[in-house]
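structure.txt, holding compact mmCIF, C-alpha atoms:
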```
# COMPACT_ATOMS: atom_id res chain seq x y z
CA PRO A 1 48.97 -67.60 71.29
CA LEU A 2 46.52 -66.82 74.13
CA TYR A 3 44.80 -68.85 76.83
CA TYR A 4 42.60 -67.93 79.76
CA GLU A 5 41.97 -69.09 83.32
CA LYS A 6 39.11 -68.40 85.68
CA ILE A 7 40.44 -66.46 88.64
CA GLU A 8 38.03 -65.29 91.31
CA GLY A 9 35.11 -65.80 88.94
CA ALA A 10 36.62 -63.81 86.07
CA ASN A 11 38.38 -64.84 82.86
CA ARG A 12 42.03 -63.76 82.86
CA TRP A 13 43.94 -63.95 79.56
CA PHE A 14 47.62 -64.92 79.30
CA PHE A 15 50.22 -65.31 76.54
CA VAL A 16 51.72 -68.75 76.04
CA ASP A 17 55.10 -68.64 77.81
CA ALA A 18 57.11 -70.23 74.98
CA TYR A 19 55.81 -67.80 72.32
CA LYS A 20 58.32 -65.34 70.94
CA PHE A 21 57.05 -62.11 69.53
CA LYS A 22 58.17 -61.27 66.00
CA VAL A 23 58.01 -57.79 64.58
CA PRO A 24 56.44 -58.24 61.11
CA GLN A 25 58.56 -57.03 58.21
CA PRO A 26 56.31 -55.11 55.79
CA PHE A 27 58.16 -56.23 52.63
CA THR A 28 60.90 -58.64 51.65
CA VAL A 29 63.78 -57.53 49.44
CA THR A 30 62.32 -59.47 46.49
CA GLU A 31 58.91 -57.87 47.00
CA LEU A 32 60.48 -54.40 47.02
CA MET A 33 62.25 -55.12 43.76
CA SER A 34 59.04 -56.47 42.20
CA LEU A 35 57.16 -53.33 43.23
CA HIS A 36 59.84 -51.16 41.65
CA LEU A 37 59.77 -53.14 38.38
CA TYR A 38 55.99 -52.90 38.28
CA SER A 39 56.15 -49.13 38.79
CA ASP A 40 58.37 -48.89 35.71
CA LEU A 41 55.99 -51.03 33.67
CA VAL A 42 52.98 -48.80 34.38
CA ARG A 43 54.66 -45.52 33.49
CA VAL A 44 52.80 -45.81 30.20
CA PHE A 45 49.60 -45.14 32.18
CA LYS A 46 50.81 -41.79 33.48
CA GLY A 47 47.86 -39.45 33.85
CA THR A 48 45.41 -42.28 34.57
CA PRO A 49 43.94 -43.43 37.91
CA PHE A 50 46.06 -46.61 37.76
CA TYR A 51 49.33 -44.69 37.76
CA GLU A 52 48.16 -42.28 40.44
CA ALA A 53 47.06 -45.17 42.67
CA LEU A 54 50.45 -46.83 42.30
CA GLU A 55 52.25 -43.58 43.11
CA SER A 56 50.12 -43.30 46.27
CA LEU A 57 50.93 -46.92 47.15
CA PHE A 58 54.67 -46.29 46.84
CA LYS A 59 54.49 -43.28 49.13
CA LYS A 60 52.78 -45.42 51.76
CA VAL A 61 55.34 -48.19 51.30
CA ARG A 62 58.29 -45.83 51.75
CA VAL A 63 56.87 -44.52 55.03
CA THR A 64 56.82 -48.03 56.51
CA LEU A 65 60.37 -48.97 55.48
CA PRO A 66 63.31 -49.05 57.88
CA PRO A 67 66.39 -47.05 56.76
CA GLN A 68 68.22 -50.12 55.39
CA ALA A 69 65.30 -51.19 53.20
CA LEU A 70 64.76 -47.62 52.02
CA GLN A 71 68.40 -47.39 51.02
CA TYR A 72 68.10 -50.67 49.11
CA LEU A 73 65.01 -49.43 47.26
CA ASN A 74 66.84 -46.23 46.28
CA THR A 75 69.71 -48.36 44.95
CA ILE A 76 67.33 -50.44 42.83
CA GLN A 77 65.75 -47.29 41.40
CA SER A 78 69.15 -45.93 40.40
CA THR A 79 70.45 -49.14 38.78
CA PHE A 80 67.47 -51.07 37.32
CA HIS A 81 65.06 -49.72 34.76
CA VAL A 82 62.35 -51.28 32.59
CA GLY A 83 61.56 -49.60 29.27
CA ILE A 84 58.49 -50.09 27.07
CA LYS A 85 58.42 -48.79 23.51
CA PRO A 86 56.33 -47.94 21.65
CA PHE A 87 53.48 -46.80 23.90
CA LYS A 88 50.52 -44.42 23.81
CA GLU A 89 49.69 -41.47 26.03
CA TYR A 90 46.83 -43.03 27.94
CA GLY A 91 46.41 -39.94 30.12
CA ARG A 92 44.32 -38.57 27.22
CA PHE A 93 41.91 -41.50 27.63
CA ARG A 94 41.65 -41.28 31.40
CA GLU A 95 37.86 -41.16 31.54
CA ILE A 96 37.28 -43.98 29.04
CA LEU A 97 39.82 -46.21 30.77
CA SER A 98 38.23 -45.61 34.19
CA ARG A 99 34.72 -46.35 32.95
CA VAL A 100 35.72 -49.46 31.01
CA ASN A 101 37.49 -50.75 34.10
CA GLN A 102 34.41 -50.02 36.21
CA ALA A 103 32.17 -51.84 33.75
CA ALA A 104 34.47 -54.89 33.67
CA VAL A 105 34.62 -55.09 37.48
CA GLU A 106 30.87 -54.60 37.94
CA LYS A 107 29.99 -56.78 34.91
CA CYS A 108 28.02 -53.95 33.37
CA ARG A 109 27.21 -53.98 29.64
CA LEU A 110 28.66 -51.09 27.63
CA GLU A 111 27.31 -49.13 24.71
CA ILE A 112 30.15 -47.74 22.61
CA ALA A 113 30.78 -45.83 19.41
CA TYR A 114 33.82 -47.49 17.84
CA LYS A 115 35.98 -46.62 14.84
CA SER A 116 38.14 -49.50 13.68
CA LEU A 117 41.50 -49.02 11.97
CA HIS A 118 40.22 -49.89 8.49
CA SER A 119 36.84 -48.14 8.67
CA GLU A 120 35.92 -44.55 7.82
CA THR A 121 32.74 -44.61 9.90
CA GLU A 122 31.88 -45.25 13.53
CA THR A 123 29.65 -48.12 14.54
CA LEU A 124 27.41 -48.32 17.61
CA ARG A 125 27.80 -51.53 19.56
CA LYS A 126 26.81 -53.16 22.82
CA VAL A 127 29.74 -54.97 24.40
CA ASP A 128 30.14 -57.16 27.49
CA PRO A 129 33.65 -56.26 28.73
CA TYR A 130 35.39 -59.50 29.73
CA LYS A 131 39.01 -58.35 29.97
CA ILE A 132 41.23 -55.28 29.66
CA TRP A 133 44.44 -56.47 28.02
CA PHE A 134 47.74 -54.58 27.74
CA PHE A 135 50.00 -55.78 24.93
CA GLU A 136 53.00 -54.12 23.27
CA GLY A 137 52.14 -50.63 24.49
CA THR A 138 48.43 -50.77 23.61
CA LEU A 139 45.34 -51.39 25.74
CA TYR A 140 42.61 -53.63 24.34
CA LEU A 141 39.08 -54.35 25.47
CA ILE A 142 38.10 -57.98 24.89
CA GLY A 143 34.45 -58.81 25.17
CA HIS A 144 31.30 -60.15 23.59
CA CYS A 145 30.06 -57.86 20.80
CA HIS A 146 26.28 -58.05 20.43
CA VAL A 147 26.47 -56.72 16.85
CA ARG A 148 28.79 -59.50 15.66
CA GLU A 149 27.48 -62.00 18.24
CA GLU A 150 30.99 -63.18 19.09
CA VAL A 151 33.97 -62.25 21.25
CA ARG A 152 35.89 -59.40 19.64
CA THR A 153 38.98 -57.31 20.41
CA PHE A 154 38.69 -53.51 20.53
CA VAL A 155 41.52 -50.98 20.72
CA LEU A 156 40.60 -48.94 23.78
CA ASP A 157 41.69 -45.55 22.41
CA ARG A 158 39.51 -46.00 19.29
CA ILE A 159 36.37 -45.89 21.43
CA ARG A 160 34.79 -42.52 20.62
CA MET A 161 31.83 -42.68 23.00
CA LEU A 162 31.05 -44.89 25.95
CA ARG A 163 28.01 -45.37 28.17
CA LEU A 164 27.38 -47.84 30.98
CA THR A 165 23.95 -49.44 30.65
CA GLU A 166 21.75 -50.95 33.34
CA GLU A 167 22.15 -54.41 31.79
CA ARG A 168 24.37 -56.98 33.49
CA PHE A 169 26.23 -59.98 32.09
CA GLU A 170 28.22 -63.01 33.20
CA ILE A 171 31.46 -64.16 31.61
CA PRO A 172 30.93 -67.66 30.16
CA ALA A 173 32.58 -70.35 32.24
CA ASP A 174 34.43 -71.68 29.19
CA PHE A 175 36.00 -68.32 28.24
CA ASN A 176 39.77 -68.17 28.72
CA LEU A 177 41.92 -65.29 27.49
CA ASP A 178 44.91 -67.50 26.74
CA ASP A 179 42.76 -69.83 24.65
CA TYR A 180 41.16 -66.86 22.87
CA MET A 181 44.56 -65.39 21.89
CA LYS A 182 46.25 -68.76 21.38
CA HIS A 183 46.68 -68.64 17.60
CA SER A 184 47.13 -64.89 17.12
CA PHE A 185 50.70 -63.99 16.17
CA LYS A 186 50.09 -60.80 18.14
CA VAL A 187 46.52 -59.50 18.40
CA MET A 188 44.60 -60.13 15.18
CA LYS A 189 42.36 -63.12 14.53
CA GLY A 190 41.75 -64.98 11.29
CA ASP A 191 41.99 -68.27 9.44
CA LEU A 192 44.69 -70.68 10.61
CA TYR A 193 47.86 -71.02 8.52
CA THR A 194 51.03 -73.05 8.81
CA VAL A 195 53.88 -70.61 8.18
CA ARG A 196 57.55 -71.48 7.63
CA ILE A 197 60.20 -68.77 7.65
CA ARG A 198 63.91 -69.29 6.83
CA ILE A 199 66.26 -67.07 8.83
CA SER A 200 69.74 -66.22 7.55
CA ALA A 201 72.83 -67.65 9.27
CA GLU A 202 73.81 -64.14 10.42
CA TRP A 203 70.54 -63.66 12.31
CA ALA A 204 69.74 -67.26 13.24
CA HIS A 205 71.07 -66.99 16.77
CA TYR A 206 69.32 -63.68 17.53
CA ILE A 207 65.96 -64.82 16.15
CA GLY A 208 66.22 -68.36 17.47
CA GLU A 209 66.87 -67.38 21.09
CA LYS A 210 63.39 -65.84 21.42
CA ILE A 211 59.91 -67.35 21.49
CA TRP A 212 57.85 -65.36 18.97
CA HIS A 213 54.75 -67.54 19.23
CA GLU A 214 53.79 -70.48 21.42
CA SER A 215 53.40 -72.75 18.37
CA GLN A 216 56.99 -72.04 17.29
CA LYS A 217 59.12 -74.97 16.11
CA ALA A 218 62.76 -74.48 15.14
CA GLU A 219 64.93 -76.54 12.79
CA LYS A 220 68.64 -75.79 12.45
CA LEU A 221 69.92 -76.22 8.91
CA PRO A 222 73.45 -77.46 8.02
CA ASN A 223 74.49 -74.09 6.54
CA GLY A 224 73.78 -72.22 9.77
CA ARG A 225 70.36 -70.98 8.72
CA LEU A 226 67.21 -71.58 10.79
CA ASP A 227 63.72 -72.64 9.78
CA LEU A 228 60.93 -71.44 12.07
CA THR A 229 57.44 -72.94 11.72
CA PHE A 230 54.33 -71.35 13.24
CA ARG A 231 50.64 -72.14 13.34
CA VAL A 232 49.00 -68.71 13.38
CA ALA A 233 45.63 -66.99 12.83
CA GLY A 234 45.78 -64.60 9.90
CA LEU A 235 48.80 -63.45 7.89
CA ASP A 236 48.91 -59.66 8.30
CA GLU A 237 50.89 -59.54 11.55
CA ILE A 238 53.43 -62.20 10.65
CA LYS A 239 53.84 -60.51 7.26
CA GLN A 240 54.86 -57.28 9.02
CA TRP A 241 57.28 -59.26 11.18
CA VAL A 242 58.90 -60.82 8.10
CA LEU A 243 59.17 -57.43 6.39
CA SER A 244 60.82 -55.97 9.50
CA LEU A 245 63.63 -58.53 9.12
CA GLY A 246 64.38 -57.46 5.55
CA PRO A 247 66.69 -59.82 3.62
CA GLN A 248 67.38 -61.84 6.78
CA ALA A 249 64.04 -63.69 6.44
CA LEU A 250 62.62 -65.73 3.56
CA VAL A 251 59.06 -67.10 3.49
CA ILE A 252 59.00 -70.77 2.47
CA GLU A 253 55.26 -71.32 2.95
CA PRO A 254 52.36 -70.68 2.51
CA ARG A 255 52.19 -69.38 -1.03
CA GLU A 256 49.73 -66.66 -0.06
CA LEU A 257 52.21 -65.15 2.39
CA ILE A 258 55.02 -65.32 -0.18
CA GLU A 259 52.85 -63.34 -2.61
CA ARG A 260 51.90 -60.73 0.00
CA VAL A 261 55.51 -60.15 1.09
CA THR A 262 56.70 -60.00 -2.54
CA ARG A 263 53.98 -57.48 -3.41
CA ASP A 264 54.81 -55.22 -0.46
CA LEU A 265 58.53 -55.33 -1.21
CA SER A 266 57.86 -54.42 -4.85
CA MET A 267 55.64 -51.52 -3.81
CA ALA A 268 58.30 -50.27 -1.39
CA ARG A 269 60.94 -50.48 -4.12
CA MET A 270 58.75 -48.53 -6.54
CA GLN A 271 58.08 -45.89 -3.89
CA TYR A 272 61.82 -45.32 -3.38
CA GLN A 273 62.46 -45.23 -7.12
CA GLU A 274 59.78 -42.57 -7.57
CA GLN A 275 61.00 -40.49 -4.64
CA PHE A 276 64.72 -40.90 -5.35
CA PRO A 277 65.11 -41.65 -9.07
CA THR A 278 68.48 -42.99 -10.13
CA ARG A 279 70.44 -40.32 -11.98
CA LYS A 280 72.30 -41.49 -15.06
CA ARG A 281 75.87 -40.34 -15.16
CA MET A 282 76.91 -38.44 -18.25
CA VAL A 283 80.16 -39.95 -19.54
CA ASP A 284 82.18 -38.09 -22.15
CA GLY A 285 83.26 -40.41 -24.94
```
Target encoding structure tokens, full file:
Amino acid sequence: PLYYEKIEGANRWFFVDAYKFKVPQPFTVTELMSLHLYSDLVRVFKGTPFYEALESLFKKVRVTLPPQALQYLNTIQSTFHVGIKPFKEYGRFREILSRVNQAAVEKCRLEIAYKSLHSETETLRKVDPYKIWFFEGTLYLIGHCHVREEVRTFVLDRIRMLRLTEERFEIPADFNLDDYMKHSFKVMKGDLYTVRIRISAEWAHYIGEKIWHESQKAEKLPNGRLDLTFRVAGLDEIKQWVLSLGPQALVIEPRELIERVTRDLSMARMQYQEQFPTRKRMVDG
């Protein structure tokens, strides 16, 4: 709010008379709370540059706060907590995480040695790192794999060796992370299936109040039970979800999922029978 006038051949600057000075507040109450919640969320990255940078940020924030705001922040920290379980100790992968992040920011192609969950051997791959994705306590690298010639998902802590190359890449304009993960029940990709699960009346409210997948459709049944229908890629992850619910969930379709769940339940039953055989009681007659 400045203006100037020429006085005796020189420019003289003045403030507009009606302007009122306002001392800027560094953070609103809502922003302080958001910062605190975010600090809880990234505790899983303790030992990594991300966590250390956030710790440094919070120290700088606290220095700028007036006593009232500082007291409010201390109150939040003592009453509100965000927990994430399970999670991995990413401090052990500090160097890999830093270099993957650098490559993604600088759009630098990576050369990695990768050992997948179901493989006994490592494979060498060149990958264009599009995104680093944190989901359910695990960090994933999503990018174009030049071995498979398609976008693939890599578990970051299964990368055994990593080297930044001199090659550069551009993320395709039509790539969107939400679209890429759209049909995955969690992380895995695969053929599309229509899945219908029947939830018991006892658990219908608990299961029905959450959105487990964006394709979810719910149908309340007269007896209090709940039918959930999903359109998902692959069956492995939704199979594990069904098994985690025990007798509270019944697969209605597809047949392939019914057979997989039945097989796993039978194998679990046999395992318990072998480990804890039923002892026949001796009855005197």
Quiz item: Which residues come within 9 Å of range 101-114 of chain A, counting all atoms listed in the file, excluding same-chain residues fewer than 5 positions away, as a ChimeraX atom specification?
Solution: /A:96,121-132,154-155,158-171
Quiz item: Counting all atoms listed in the file, which of A:Leu2, A:Ser98, A:Val29, A:Tyr51 gets nearest to Gln71 in chain A?
Solution: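 Looking at the shortest contact to Gln71 in chain A, the residue is A:Val29.
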Self-check item: Top pick for closest residue to His144 in chain A, considering A:Phe175, A:Glu120, A:Ile7, A:Pro49 and counting all atoms listed in the file
Solution: A:Phe175
Quiz item: Restricting the calculation to all atoms listed in the file, which member of A:Phe45, A:Tyr140, A:Tyr206, A:Phe50 is positioned closest to Lys88 in chain A?
Solution: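 Of A:Phe45, A:Tyr140, A:Tyr206, A:Phe50, the one nearest Lys88 in chain A, counting all atoms listed in the file, is A:Phe45.
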Quiz item: What is the CA of Val44 in chain A to CA of Ile84 in chain A distance in Å?
Solution: 7.8 Å
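Between CA of Ile207 in chain A and CA of Phe185 in chain A there is a distance of 15.3 Å.
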Quiz item: For Glu89 in chain A, which residue among A:Ser119, A:Thr48, A:Ser215, A:Gln68 is the nearest when counting all atoms listed in the file?
Solution: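 Among A:Ser119, A:Thr48, A:Ser215, A:Gln68, it is A:Thr48 that comes nearest to Glu89 in chain A.
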Quiz prompt | Exercise: Gly208 in chain A partners within 12 Å, all atoms listed in the file, chain neighbours under 5 positions left out, as a PyMOL selection string | solution = chain A and resi 197-203+213+216-220+224-229
Practice problem: Record the distance separating CA of Ala249 in chain A and CA of Ala233 in chain A, expressed in Å with one decimal. | Solution: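 Those two atoms sit 19.8 Å apart.
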Quiz item: Smallest atom-to-atom distance to Thr79 in chain A: which of A:Phe93, A:Pro254, A:Ser116, A:His36, using all atoms listed in the file?
Solution: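 Once distances to Thr79 in chain A are computed over all atoms listed in the file, the minimum belongs to A:His36.
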